[in-house]
Each structure stands twice: as structure tokens, then as C-alpha cells.
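Quick notes on the structure that follows.
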Amino acid sequence: MTDFDALAPEYDRLRPAGAGWKALADRTLAELRGATRLLDAGCGTGRLAVLAAERGGRVWGVDASADMLAQARARPGAARVGWRQARVEQLPFRDGWFDAVVAHLVLHLVQDRPAALAELARVLGTDGRLVVGTFAPEHFRDFFLNGYFPSIPAIDGARFPRPAALTAELGQAGFADVRVERVDQDVSTPATDVLARVRGRYISTLHLLDEAEYAAGLARLERDVADGLGSFEYTLRWALVTARRG
């Protein structure tokens with residue numbers, strides 16, 4: 001299990017908010033336009049919660065990591081957001097309090113996904129809207145670091161919910177009108193930046209690798225960069241899953 005407290009100080013540096021993040025955030029918030037009380041479940045360092053608060057309405061951010069929340073509270077504009085430390089499976093809010101919830105790259109990290117979805121349904125009012133940001137299965141099959149770390153597809157394929165399975169689970173939790181939208185983003189990243197991110201284990205998957213595999217892949221990447229590798233061209237293959245509380 002990834003220790004997000006340890007990752008918190010370097011999290012935003014290793015995962016900068018570029019144009020792709022902004023485009024996905026805009027798309028997510030467009031689905032929730034008009035919400036007056038929004039919950040960012042698994043808010044991390046608070047980037048999306050603060051952006052949502054800047055656009056109006058009341059916003060709360062919840063995360064299980066105290067150190068991630070410390071980073072969130074230090075973010076410019078953080079005073080607009082109510083921050084709470086809690087697991088998604090045990091949210092500290094009364095029934096039906098929110099009319100919108102976003103859960104971006106969090107459901108693969110929860111210990112009990114059915115319980116987490118039940119909690120999201122509980123805190124949403126009738127007809128409240130949910131947007132889940134996750135990756136499509138093809139993302140892991142084609143991930144640009146697979147050549148360095150061949151266990152990534154198996155690890156992430158097992159822990160990320162497939163959109164079809166998530167659709168069924170949402171229905172069981174009381175959601176209706178579930179819709180899956182694919183969003184593909186082409187990315188070009190300097191190889192030196194990729195190397196810095198891999199050294200910092202910028203995605204939780206790198207913490208789940210066998211240490212020998214991680215060391216071997218990192219050494220190969222370091223050699224490739226030293227030999228003049230300029231950049232990585234790859235595609236982020238998102239799945240945005242939207243639903244309505246029945």
C-alpha cells in the first residue's frame with residue numbers, strides 16, 4: 001500500500017498541472033456545472049478542489065492522508081475549501097448533503113470499493129451527480145514505461161476498476177444514468193523530466209514493483225537518457241464515468 005504521507009512534499013512537483021490536467025479538470029467540472037455543494041473525494045493536494053471553489057459554490061476536500069491535506073491547506077486559494085481527513089469509505093458528512101461529487105484517480109486506492117461507492121451515494125442528494133476519473137484498460141496495455149517496468153500492466157490492470165465493472169458497481173450502489181466517456185490525450189514529455197519523476201516514483205504503481213525490477217528499469221532509463229534520448233511521446237487514455245444518484 002502506497003504511503004501518501006511520504007509522497008506529499010514532492011507530489012505536485014512530480015505531477016505538474018499541465019494543459020492535459022487543466023483540460024480534464026475543465027471537462028469534469030463542466031459535468032457538475034451548477035452544483036452548490038461539491039465534494040472532492042480523495043482530494044490529494046487539493047488542486048481540483050481549489051479550482052472548483054474558484055468557480056463558485058461550496059467545496060469540501062477529503063483525503064485519508066494528513067500530509068496530503070497539509071499540502072492542500074497551504075495551496076493558494078485553499079481558504080475557500082473545507083478540508084477533512086477521512087477515508088472515502090467513511091465520510092464525515094450527513095446523508096444527502098452534497099449535490100455533486102468528484103472522485104479522480106482514487107477508487108483504485110480504496111480498500112473497499114463497494115463501501116466507498118455506497119458512501120458516495122449516501123452523501124449525495126437525490127439526482128446528485130458523480131464524476132469518477134479513472135483510466136481505460138488500454139492505458140495500461142500501452143503505457144509508455146512498460147518497456148522499463150514490465151509488471152505495470154498486470155499490477156494496474158488488477159487494481160483499477162474496468163469501466164464496465166464500475167458501471168455495474170455504481171448501479172448496485174444506487175446510481176442511475178451511468179455513462180462512460182473516453183478521453184485520450186497525446187503527451188510529449190522530455191526524457192529528463194520522465195527520469196526525475198521515475199526517480200521520485202511519481203505514480204503509486206512504482207511503489208508496488210519488486211525492488212529488483214524497479215532498480216533495473218531505472219538503471220536502463222538512466223542509460224537511455226545519458227545516451228541522448230530526447231522525449232517520450234505517449235497517450236493518456238482516460239475514462240470519465242458520470243452517474244446520477246437515483
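Just remember, in the C-alpha cells the first chain shown is A, the second B, etc., residues are 1-based per chain, and ligands are 1-based in the order shown.
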
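By only C-alpha atoms, and with residues fewer than 5 positions from Tyr234 of chain A along its chain excluded, the set lying at most 12 Å from it is His139, Phe140, Asp142, Phe143, Phe144, Leu145, Asn146, Asp184, Gln185, Asp186, Val187, Ser188, Thr189, Pro190, Ala191 and Val194 of chain A.
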
Please produce an output containing C-alpha atoms for each residue in the selection, written as a PDB file, in the first residue's frame.
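File produced: part.pdb:
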```pdb
ATOM      1  CA  HIS A 139      -3.900   2.841 -20.892  1.00  0.00           C
ATOM      2  CA  PHE A 140      -2.026   0.124 -19.013  1.00  0.00           C
ATOM      3  CA  ASP A 142       0.132   0.706 -23.945  1.00  0.00           C
ATOM      4  CA  PHE A 143       1.748   2.578 -21.041  1.00  0.00           C
ATOM      5  CA  PHE A 144       4.953   4.232 -22.152  1.00  0.00           C
ATOM      6  CA  LEU A 145       7.047   2.887 -19.255  1.00  0.00           C
ATOM      7  CA  ASN A 146       6.104  -0.768 -19.793  1.00  0.00           C
ATOM      8  CA  ASP A 184      -7.433  10.406 -24.979  1.00  0.00           C
ATOM      9  CA  GLN A 185      -4.655  12.965 -24.509  1.00  0.00           C
ATOM     10  CA  ASP A 186      -1.457  12.898 -26.550  1.00  0.00           C
ATOM     11  CA  VAL A 187       1.545  13.939 -24.474  1.00  0.00           C
ATOM     12  CA  SER A 188       5.182  14.775 -25.150  1.00  0.00           C
ATOM     13  CA  THR A 189       7.462  14.871 -22.102  1.00  0.00           C
ATOM     14  CA  PRO A 190      11.220  15.490 -22.045  1.00  0.00           C
ATOM     15  CA  ALA A 191      13.050  12.312 -21.104  1.00  0.00           C
ATOM     16  CA  VAL A 194      10.394  11.450 -17.007  1.00  0.00           C
TER      17      VAL A 194
END
```

Tell me, as an mmCIF file with N, CA and C atoms, in the first residue's frame, which residues lie within 10 Å of Arg162 of chain A, counting only C-alpha atoms; anything in the same chain fewer than 4 positions away does not count.
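Result went into part-v9.cif, see below:
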```cif
data_model
loop_
_atom_site.group_PDB
_atom_site.id
_atom_site.type_symbol
_atom_site.label_atom_id
_atom_site.label_comp_id
_atom_site.auth_asym_id
_atom_site.auth_seq_id
_atom_site.Cartn_x
_atom_site.Cartn_y
_atom_site.Cartn_z
ATOM 1 N N THR A 134 -10.870 7.823 -14.067
ATOM 2 C CA THR A 134 -10.013 6.648 -13.970
ATOM 3 C C THR A 134 -9.376 6.427 -15.337
ATOM 4 N N PHE A 135 -8.639 5.341 -15.485
ATOM 5 C CA PHE A 135 -8.004 5.035 -16.753
ATOM 6 C C PHE A 135 -8.710 3.875 -17.432
ATOM 7 N N ALA A 136 -8.758 3.933 -18.765
ATOM 8 C CA ALA A 136 -9.261 2.815 -19.549
ATOM 9 C C ALA A 136 -8.234 1.689 -19.545
ATOM 10 N N PRO A 137 -8.652 0.430 -19.721
ATOM 11 C CA PRO A 137 -7.705 -0.694 -19.716
ATOM 12 C C PRO A 137 -6.571 -0.530 -20.719
ATOM 13 N N GLY A 157 -3.720 -3.293 -14.132
ATOM 14 C CA GLY A 157 -4.906 -3.942 -14.685
ATOM 15 C C GLY A 157 -5.728 -4.629 -13.614
ATOM 16 N N ALA A 158 -5.060 -5.081 -12.550
ATOM 17 C CA ALA A 158 -5.764 -5.769 -11.466
ATOM 18 C C ALA A 158 -6.413 -4.805 -10.489
ATOM 19 N N LEU A 166 -17.190 -1.030 -13.180
ATOM 20 C CA LEU A 166 -17.547 0.127 -12.371
ATOM 21 C C LEU A 166 -18.991 0.550 -12.632
ATOM 22 N N THR A 167 -19.425 0.459 -13.877
ATOM 23 C CA THR A 167 -20.819 0.772 -14.206
ATOM 24 C C THR A 167 -21.773 -0.122 -13.426
ATOM 25 N N ALA A 239 -10.900 7.377 -18.733
ATOM 26 C CA ALA A 239 -12.318 7.052 -18.758
ATOM 27 C C ALA A 239 -13.002 7.940 -17.720
#
```

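Near Gly44 of chain A, within 8 Å and counting only C-alpha atoms, sit Val62, Asp63, Ser65, Met68, Leu69 and Ala72 of chain A; same-chain residues fewer than 4 positions away were not included.
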
Using only N, CA, C and O atoms, please write the residues we just selected to a file, as a PDB file, in the first residue's frame.
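out-v9.pdb, written as the output of this step:
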```
ATOM      1  N   VAL A  62     -11.711  15.888   0.839  1.00  0.00           N
ATOM      2  CA  VAL A  62     -11.475  14.835   1.818  1.00  0.00           C
ATOM      3  C   VAL A  62     -10.335  13.956   1.331  1.00  0.00           C
ATOM      4  O   VAL A  62     -10.292  13.572   0.156  1.00  0.00           O
ATOM      5  N   ASP A  63      -9.414  13.634   2.231  1.00  0.00           N
ATOM      6  CA  ASP A  63      -8.345  12.706   1.896  1.00  0.00           C
ATOM      7  C   ASP A  63      -7.940  11.948   3.156  1.00  0.00           C
ATOM      8  O   ASP A  63      -8.048  12.474   4.272  1.00  0.00           O
ATOM      9  N   SER A  65      -4.874  11.038   3.842  1.00  0.00           N
ATOM     10  CA  SER A  65      -3.506  11.380   4.221  1.00  0.00           C
ATOM     11  C   SER A  65      -3.436  12.762   4.860  1.00  0.00           C
ATOM     12  O   SER A  65      -3.772  13.771   4.228  1.00  0.00           O
ATOM     13  N   MET A  68      -0.949  14.980   2.832  1.00  0.00           N
ATOM     14  CA  MET A  68      -1.508  15.495   1.573  1.00  0.00           C
ATOM     15  C   MET A  68      -2.437  16.670   1.868  1.00  0.00           C
ATOM     16  O   MET A  68      -2.425  17.687   1.160  1.00  0.00           O
ATOM     17  N   LEU A  69      -3.227  16.563   2.936  1.00  0.00           N
ATOM     18  CA  LEU A  69      -4.114  17.664   3.306  1.00  0.00           C
ATOM     19  C   LEU A  69      -3.328  18.889   3.756  1.00  0.00           C
ATOM     20  O   LEU A  69      -3.750  20.032   3.522  1.00  0.00           O
ATOM     21  N   ALA A  72      -2.534  20.608   0.725  1.00  0.00           N
ATOM     22  CA  ALA A  72      -3.747  21.241   0.196  1.00  0.00           C
ATOM     23  C   ALA A  72      -4.056  22.545   0.923  1.00  0.00           C
ATOM     24  O   ALA A  72      -4.383  23.562   0.298  1.00  0.00           O
TER      25      ALA A  72
END
```

Which of segment 63-193 of chain A fall in helix (DSSP H, G or I), as a short mmCIF file (atom, residue, chain, number, x, y, z; two decimals) with all heavy atoms, in the first residue's frame:
```cif
data_model
loop_
_atom_site.label_atom_id
_atom_site.label_comp_id
_atom_site.auth_asym_id
_atom_site.auth_seq_id
_atom_site.Cartn_x
_atom_site.Cartn_y
_atom_site.Cartn_z
N ALA A 66 -2.96 12.83 6.09
CA ALA A 66 -2.82 14.12 6.78
C ALA A 66 -1.81 15.01 6.07
O ALA A 66 -2.00 16.23 5.97
CB ALA A 66 -2.39 13.88 8.22
N ASP A 67 -0.73 14.43 5.54
CA ASP A 67 0.30 15.24 4.90
C ASP A 67 -0.15 15.76 3.54
O ASP A 67 0.23 16.87 3.15
CB ASP A 67 1.59 14.44 4.77
CG ASP A 67 2.30 14.25 6.11
OD1 ASP A 67 1.81 14.81 7.12
OD2 ASP A 67 3.32 13.57 6.15
N MET A 68 -0.95 14.98 2.83
CA MET A 68 -1.51 15.50 1.57
C MET A 68 -2.44 16.67 1.87
O MET A 68 -2.43 17.69 1.16
CB MET A 68 -2.26 14.39 0.84
CG MET A 68 -1.37 13.27 0.33
SD MET A 68 -0.26 13.73 -1.03
CE MET A 68 -1.28 13.31 -2.44
N LEU A 69 -3.23 16.56 2.94
CA LEU A 69 -4.11 17.66 3.31
C LEU A 69 -3.33 18.89 3.76
O LEU A 69 -3.75 20.03 3.52
CB LEU A 69 -5.07 17.22 4.40
CG LEU A 69 -6.21 16.30 3.95
CD1 LEU A 69 -6.99 15.79 5.15
CD2 LEU A 69 -7.14 17.00 2.97
N ALA A 70 -2.18 18.67 4.39
CA ALA A 70 -1.34 19.81 4.77
C ALA A 70 -0.88 20.57 3.53
O ALA A 70 -0.85 21.82 3.52
CB ALA A 70 -0.14 19.34 5.58
N GLN A 71 -0.53 19.85 2.48
CA GLN A 71 -0.16 20.50 1.23
C GLN A 71 -1.37 21.23 0.63
O GLN A 71 -1.24 22.33 0.09
CB GLN A 71 0.36 19.45 0.23
CG GLN A 71 1.64 18.77 0.65
CD GLN A 71 2.83 19.71 0.66
OE1 GLN A 71 3.00 20.53 -0.23
NE2 GLN A 71 3.66 19.60 1.69
N ALA A 72 -2.53 20.61 0.73
CA ALA A 72 -3.75 21.24 0.20
C ALA A 72 -4.06 22.55 0.92
O ALA A 72 -4.38 23.56 0.30
CB ALA A 72 -4.92 20.27 0.32
N ARG A 73 -3.94 22.54 2.24
CA ARG A 73 -4.25 23.73 3.02
C ARG A 73 -3.27 24.87 2.76
O ARG A 73 -3.59 26.04 2.99
CB ARG A 73 -4.27 23.39 4.51
CG ARG A 73 -5.43 22.49 4.93
CD ARG A 73 -5.49 22.31 6.44
NE ARG A 73 -6.65 21.54 6.85
CZ ARG A 73 -6.63 20.24 7.18
NH1 ARG A 73 -5.46 19.59 7.18
NH2 ARG A 73 -7.73 19.63 7.54
N ALA A 78 -6.75 28.04 -0.83
CA ALA A 78 -7.24 26.91 -0.03
C ALA A 78 -8.29 27.32 0.99
O ALA A 78 -9.10 26.49 1.42
CB ALA A 78 -6.08 26.23 0.68
N ALA A 79 -8.31 28.59 1.40
CA ALA A 79 -9.27 29.03 2.40
C ALA A 79 -10.71 28.94 1.89
O ALA A 79 -11.65 28.95 2.69
CB ALA A 79 -8.96 30.47 2.82
N ARG A 80 -10.88 28.83 0.59
CA ARG A 80 -12.22 28.70 0.01
C ARG A 80 -12.81 27.30 0.22
O ARG A 80 -14.00 27.10 0.00
CB ARG A 80 -12.18 28.97 -1.50
CG ARG A 80 -11.71 30.35 -1.91
CD ARG A 80 -11.50 30.38 -3.42
NE ARG A 80 -11.07 31.66 -3.91
CZ ARG A 80 -11.87 32.57 -4.48
NH1 ARG A 80 -13.16 32.30 -4.59
NH2 ARG A 80 -11.40 33.71 -4.92
N ARG A 113 -14.06 -0.94 -2.34
CA ARG A 113 -14.71 -0.08 -3.32
C ARG A 113 -16.24 -0.08 -3.19
O ARG A 113 -16.86 0.99 -3.29
CB ARG A 113 -14.28 -0.46 -4.74
CG ARG A 113 -14.69 0.59 -5.77
CD ARG A 113 -13.94 0.44 -7.09
NE ARG A 113 -14.24 -0.78 -7.78
CZ ARG A 113 -13.34 -1.72 -8.08
NH1 ARG A 113 -12.08 -1.55 -7.71
NH2 ARG A 113 -13.69 -2.80 -8.73
N PRO A 114 -16.91 -1.23 -2.99
CA PRO A 114 -18.36 -1.16 -2.79
C PRO A 114 -18.75 -0.26 -1.62
O PRO A 114 -19.73 0.49 -1.70
CB PRO A 114 -18.74 -2.62 -2.55
CG PRO A 114 -17.71 -3.39 -3.29
CD PRO A 114 -16.43 -2.63 -3.10
N ALA A 115 -17.99 -0.31 -0.53
CA ALA A 115 -18.29 0.55 0.62
C ALA A 115 -18.06 2.01 0.26
O ALA A 115 -18.83 2.89 0.68
CB ALA A 115 -17.42 0.16 1.81
N ALA A 116 -17.01 2.29 -0.51
CA ALA A 116 -16.75 3.67 -0.92
C ALA A 116 -17.87 4.20 -1.81
O ALA A 116 -18.34 5.34 -1.62
CB ALA A 116 -15.41 3.74 -1.65
N LEU A 117 -18.33 3.40 -2.75
CA LEU A 117 -19.41 3.85 -3.64
C LEU A 117 -20.71 4.04 -2.85
O LEU A 117 -21.48 4.97 -3.12
CB LEU A 117 -19.61 2.84 -4.77
CG LEU A 117 -18.45 2.71 -5.75
CD1 LEU A 117 -18.76 1.64 -6.80
CD2 LEU A 117 -18.15 4.04 -6.44
N ALA A 118 -20.95 3.17 -1.88
CA ALA A 118 -22.13 3.33 -1.04
C ALA A 118 -22.08 4.63 -0.24
O ALA A 118 -23.10 5.31 -0.07
CB ALA A 118 -22.27 2.13 -0.09
N GLU A 119 -20.89 5.00 0.23
CA GLU A 119 -20.74 6.25 0.95
C GLU A 119 -20.95 7.45 0.04
O GLU A 119 -21.58 8.46 0.43
CB GLU A 119 -19.35 6.33 1.60
CG GLU A 119 -19.26 5.71 2.96
CD GLU A 119 -20.08 6.49 3.99
OE1 GLU A 119 -21.28 6.18 4.13
OE2 GLU A 119 -19.53 7.40 4.64
N LEU A 120 -20.42 7.39 -1.17
CA LEU A 120 -20.62 8.49 -2.12
C LEU A 120 -22.11 8.65 -2.43
O LEU A 120 -22.62 9.78 -2.53
CB LEU A 120 -19.83 8.24 -3.39
CG LEU A 120 -18.30 8.21 -3.24
CD1 LEU A 120 -17.64 7.96 -4.58
CD2 LEU A 120 -17.78 9.49 -2.61
N ALA A 121 -22.81 7.53 -2.56
CA ALA A 121 -24.25 7.60 -2.79
C ALA A 121 -24.97 8.17 -1.57
O ALA A 121 -25.91 8.97 -1.70
CB ALA A 121 -24.80 6.20 -3.11
N ARG A 122 -24.53 7.79 -0.38
CA ARG A 122 -25.19 8.25 0.85
C ARG A 122 -25.11 9.76 1.01
O ARG A 122 -26.10 10.41 1.40
CB ARG A 122 -24.54 7.58 2.08
CG ARG A 122 -25.18 7.99 3.40
CD ARG A 122 -24.44 7.42 4.59
NE ARG A 122 -23.08 7.96 4.74
CZ ARG A 122 -22.80 9.17 5.25
NH1 ARG A 122 -23.79 9.98 5.63
NH2 ARG A 122 -21.56 9.57 5.36
N VAL A 123 -23.94 10.35 0.71
CA VAL A 123 -23.79 11.79 0.95
C VAL A 123 -24.33 12.63 -0.19
O VAL A 123 -24.41 13.86 -0.07
CB VAL A 123 -22.31 12.16 1.22
CG1 VAL A 123 -21.79 11.41 2.44
CG2 VAL A 123 -21.42 11.92 0.00
N PRO A 137 -8.65 0.43 -19.72
CA PRO A 137 -7.71 -0.69 -19.72
C PRO A 137 -6.57 -0.53 -20.72
O PRO A 137 -5.44 -0.96 -20.46
CB PRO A 137 -8.60 -1.90 -20.05
CG PRO A 137 -9.96 -1.50 -19.60
CD PRO A 137 -10.06 -0.02 -19.85
N GLU A 138 -6.86 0.10 -21.86
CA GLU A 138 -5.82 0.28 -22.88
C GLU A 138 -4.67 1.15 -22.40
O GLU A 138 -3.56 1.07 -22.92
CB GLU A 138 -6.44 0.89 -24.15
CG GLU A 138 -7.46 0.03 -24.85
CD GLU A 138 -8.85 0.11 -24.22
OE1 GLU A 138 -9.04 0.92 -23.28
OE2 GLU A 138 -9.74 -0.64 -24.66
N HIS A 139 -4.95 1.98 -21.43
CA HIS A 139 -3.90 2.84 -20.89
C HIS A 139 -2.74 2.01 -20.34
O HIS A 139 -1.57 2.33 -20.57
CB HIS A 139 -4.47 3.74 -19.80
CG HIS A 139 -3.47 4.62 -19.14
ND1 HIS A 139 -3.05 5.81 -19.70
CD2 HIS A 139 -2.78 4.49 -17.97
CE1 HIS A 139 -2.16 6.38 -18.92
NE2 HIS A 139 -1.97 5.59 -17.86
N PHE A 140 -3.06 0.95 -19.63
CA PHE A 140 -2.03 0.12 -19.01
C PHE A 140 -1.37 -0.79 -20.05
O PHE A 140 -0.16 -1.01 -20.00
CB PHE A 140 -2.62 -0.72 -17.88
CG PHE A 140 -3.45 0.11 -16.94
CD1 PHE A 140 -4.80 -0.13 -16.79
CD2 PHE A 140 -2.89 1.17 -16.24
CE1 PHE A 140 -5.57 0.64 -15.95
CE2 PHE A 140 -3.65 1.95 -15.40
CZ PHE A 140 -5.00 1.68 -15.25
N ARG A 141 -2.13 -1.27 -20.97
CA ARG A 141 -1.57 -2.13 -22.03
C ARG A 141 -0.50 -1.39 -22.83
O ARG A 141 0.52 -1.97 -23.21
CB ARG A 141 -2.70 -2.59 -22.96
CG ARG A 141 -2.26 -3.52 -24.08
CD ARG A 141 -3.33 -3.58 -25.15
NE ARG A 141 -3.48 -2.30 -25.84
CZ ARG A 141 -4.53 -1.96 -26.57
NH1 ARG A 141 -5.55 -2.79 -26.68
NH2 ARG A 141 -4.59 -0.78 -27.16
N ILE A 152 3.98 -3.42 -14.84
CA ILE A 152 2.96 -2.38 -14.70
C ILE A 152 1.60 -2.81 -15.24
O ILE A 152 0.58 -2.62 -14.55
CB ILE A 152 3.43 -1.07 -15.34
CG1 ILE A 152 4.50 -0.40 -14.46
CG2 ILE A 152 2.26 -0.11 -15.57
CD1 ILE A 152 5.06 0.89 -15.03
N PRO A 153 1.48 -3.37 -16.45
CA PRO A 153 0.13 -3.72 -16.94
C PRO A 153 -0.61 -4.69 -16.02
O PRO A 153 -1.82 -4.53 -15.81
CB PRO A 153 0.42 -4.35 -18.31
CG PRO A 153 1.72 -3.78 -18.73
CD PRO A 153 2.51 -3.63 -17.47
N ALA A 154 0.09 -5.68 -15.48
CA ALA A 154 -0.58 -6.65 -14.60
C ALA A 154 -0.98 -6.01 -13.28
O ALA A 154 -2.10 -6.23 -12.78
CB ALA A 154 0.34 -7.84 -14.35
N ILE A 155 -0.11 -5.19 -12.71
CA ILE A 155 -0.41 -4.56 -11.42
C ILE A 155 -1.60 -3.61 -11.55
O ILE A 155 -2.57 -3.69 -10.77
CB ILE A 155 0.82 -3.81 -10.89
CG1 ILE A 155 1.92 -4.80 -10.50
CG2 ILE A 155 0.44 -2.93 -9.70
CD1 ILE A 155 3.23 -4.14 -10.13
N ASP A 156 -1.54 -2.73 -12.53
CA ASP A 156 -2.61 -1.73 -12.65
C ASP A 156 -3.87 -2.30 -13.26
O ASP A 156 -4.99 -1.87 -12.94
CB ASP A 156 -2.12 -0.53 -13.44
CG ASP A 156 -1.26 0.40 -12.61
OD1 ASP A 156 -1.29 0.27 -11.37
OD2 ASP A 156 -0.56 1.26 -13.18
N GLY A 157 -3.72 -3.29 -14.13
CA GLY A 157 -4.91 -3.94 -14.69
C GLY A 157 -5.73 -4.63 -13.61
O GLY A 157 -6.95 -4.73 -13.72
N ALA A 158 -5.06 -5.08 -12.55
CA ALA A 158 -5.76 -5.77 -11.47
C ALA A 158 -6.41 -4.80 -10.49
O ALA A 158 -7.46 -5.11 -9.91
CB ALA A 158 -4.80 -6.69 -10.72
N ARG A 159 -5.81 -3.63 -10.28
CA ARG A 159 -6.35 -2.78 -9.21
C ARG A 159 -7.25 -1.66 -9.70
O ARG A 159 -8.11 -1.18 -8.96
CB ARG A 159 -5.21 -2.21 -8.37
CG ARG A 159 -4.28 -1.25 -9.06
CD ARG A 159 -3.05 -0.97 -8.21
NE ARG A 159 -2.23 0.08 -8.79
CZ ARG A 159 -1.89 1.21 -8.17
NH1 ARG A 159 -2.32 1.44 -6.94
NH2 ARG A 159 -1.14 2.10 -8.77
N PRO A 163 -14.16 0.04 -16.70
CA PRO A 163 -15.39 0.84 -16.79
C PRO A 163 -16.67 0.02 -16.74
O PRO A 163 -17.64 0.43 -16.10
CB PRO A 163 -15.21 1.57 -18.13
CG PRO A 163 -13.73 1.72 -18.28
CD PRO A 163 -13.17 0.43 -17.71
N ALA A 164 -16.68 -1.15 -17.39
CA ALA A 164 -17.90 -1.97 -17.38
C ALA A 164 -18.20 -2.46 -15.97
O ALA A 164 -19.37 -2.46 -15.53
CB ALA A 164 -17.76 -3.14 -18.34
N ALA A 165 -17.17 -2.89 -15.25
CA ALA A 165 -17.37 -3.34 -13.87
C ALA A 165 -17.80 -2.20 -12.98
O ALA A 165 -18.67 -2.35 -12.11
CB ALA A 165 -16.08 -3.98 -13.35
N LEU A 166 -17.19 -1.03 -13.18
CA LEU A 166 -17.55 0.13 -12.37
C LEU A 166 -18.99 0.55 -12.63
O LEU A 166 -19.71 0.94 -11.70
CB LEU A 166 -16.59 1.28 -12.67
CG LEU A 166 -16.73 2.54 -11.83
CD1 LEU A 166 -16.65 2.24 -10.35
CD2 LEU A 166 -15.66 3.56 -12.24
N THR A 167 -19.42 0.46 -13.88
CA THR A 167 -20.82 0.77 -14.21
C THR A 167 -21.77 -0.12 -13.43
O THR A 167 -22.77 0.35 -12.85
CB THR A 167 -21.04 0.61 -15.72
OG1 THR A 167 -20.24 1.55 -16.43
CG2 THR A 167 -22.51 0.83 -16.08
N ALA A 168 -21.46 -1.40 -13.37
CA ALA A 168 -22.31 -2.34 -12.62
C ALA A 168 -22.28 -2.03 -11.13
O ALA A 168 -23.33 -2.05 -10.46
CB ALA A 168 -21.85 -3.77 -12.89
N GLU A 169 -21.10 -1.74 -10.60
CA GLU A 169 -20.99 -1.44 -9.17
C GLU A 169 -21.73 -0.16 -8.81
O GLU A 169 -22.34 -0.07 -7.73
CB GLU A 169 -19.51 -1.32 -8.79
CG GLU A 169 -18.77 -2.65 -8.86
CD GLU A 169 -17.27 -2.49 -8.65
OE1 GLU A 169 -16.81 -1.34 -8.49
OE2 GLU A 169 -16.56 -3.51 -8.65
N LEU A 170 -21.70 0.82 -9.68
CA LEU A 170 -22.43 2.06 -9.42
C LEU A 170 -23.93 1.79 -9.38
O LEU A 170 -24.66 2.34 -8.54
CB LEU A 170 -22.09 3.10 -10.48
CG LEU A 170 -20.71 3.75 -10.34
CD1 LEU A 170 -20.34 4.51 -11.61
CD2 LEU A 170 -20.68 4.70 -9.15
N GLY A 171 -24.41 0.95 -10.29
CA GLY A 171 -25.83 0.59 -10.27
C GLY A 171 -26.22 -0.09 -8.97
O GLY A 171 -27.27 0.20 -8.38
N GLN A 172 -25.37 -0.97 -8.47
CA GLN A 172 -25.64 -1.66 -7.21
C GLN A 172 -25.62 -0.70 -6.03
O GLN A 172 -26.29 -0.94 -5.02
CB GLN A 172 -24.60 -2.76 -7.01
CG GLN A 172 -24.72 -3.89 -8.02
CD GLN A 172 -23.51 -4.81 -8.04
OE1 GLN A 172 -22.58 -4.64 -7.26
NE2 GLN A 172 -23.51 -5.77 -8.95
N ALA A 191 12.59 13.52 -21.78
CA ALA A 191 13.05 12.31 -21.10
C ALA A 191 13.68 12.63 -19.75
O ALA A 191 13.58 11.84 -18.81
CB ALA A 191 14.04 11.56 -22.00
N THR A 192 14.32 13.79 -19.65
CA THR A 192 14.91 14.16 -18.36
C THR A 192 13.84 14.36 -17.30
O THR A 192 14.04 14.02 -16.13
CB THR A 192 15.74 15.44 -18.51
OG1 THR A 192 14.94 16.46 -19.15
CG2 THR A 192 16.99 15.20 -19.34
N ASP A 193 12.68 14.90 -17.70
CA ASP A 193 11.57 15.06 -16.76
C ASP A 193 11.01 13.70 -16.34
O ASP A 193 10.69 13.47 -15.17
CB ASP A 193 10.46 15.91 -17.37
CG ASP A 193 10.83 17.37 -17.48
OD1 ASP A 193 11.93 17.75 -17.05
OD2 ASP A 193 10.01 18.15 -18.02
#
```

Q. Looking at A:Leu91, A:Leu221, A:Val178, A:Ala100, which one is nearest to Val241 of chain A, with distances taken over only C-alpha atoms?
A. A:Val178

Q) as a PyMOL selection string, which residues of segment 37-152 of chain A does DSSP assign to strand (DSSP E or B)? A) chain A and resi 37-41+58-63+81-85+98-104+124-135

**Q.** Non-local contacts of Ala196 of chain A (10 Å; only C-alpha atoms; under 6 positions in same chain excluded) as a list in words
**A.** Arg13, Leu14, Tyr202 and Glu222 of chain A

Atoms to include: N, CA, C and O atoms. Write the selected residues as a CSV table (one decimal), in the first residue's frame.
```csv
chain,number,residue,atom,x,y,z
A,13,ARG,N,5.2,18.6,-7.5
A,13,ARG,CA,6.4,18.8,-8.4
A,13,ARG,C,6.6,17.6,-9.4
A,13,ARG,O,6.9,17.8,-10.6
A,14,LEU,N,6.3,16.4,-8.9
A,14,LEU,CA,6.4,15.2,-9.7
A,14,LEU,C,5.3,15.0,-10.7
A,14,LEU,O,5.4,14.3,-11.7
A,202,TYR,N,6.7,8.7,-9.1
A,202,TYR,CA,5.6,9.7,-9.2
A,202,TYR,C,4.2,9.0,-9.3
A,202,TYR,O,3.2,9.7,-9.1
A,222,GLU,N,18.0,5.5,-17.0
A,222,GLU,CA,19.2,6.5,-16.8
A,222,GLU,C,20.2,6.3,-18.0
A,222,GLU,O,20.7,7.3,-18.5
```

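Of note, atom CA of Ser151 of chain A and atom CA of Ala103 of chain A are spaced 25.9 Å apart.
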
Q: Extract, using only C-alpha atoms, all DNA, RNA and protein residues at most 12 Å from Val50 of chain A, discarding same-chain residues fewer than 3 positions from it, and format them as a ChimeraX atom specification.
A: /A:25,29,38-40,43-47,53-61,72-83

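Of note, atom CA of Leu24 of chain A and atom CA of Pro161 of chain A are spaced 19.1 Å apart.
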
Q. Restricting the calculation to only C-alpha atoms, which member of A:Arg94, A:His108, A:Arg87, A:His207 is positioned closest to Asp3 of chain A?
A.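 Looking only at the distances to Asp3 of chain A, the closest residue turns out to be A:His207.
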
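Using only C-alpha atoms, the smallest distance between any of A:Ala6, A:Val180, A:Ala41, A:Leu48 and Gln85 of chain A comes from A:Ala41.
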
Q. Mind pulling up the distance from atom CA of Phe149 of chain A to atom CA of Ala216 of chain A?
A.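 Atom-to-atom, atom CA of Ala216 of chain A and atom CA of Phe149 of chain A are spaced 8.4 Å apart.
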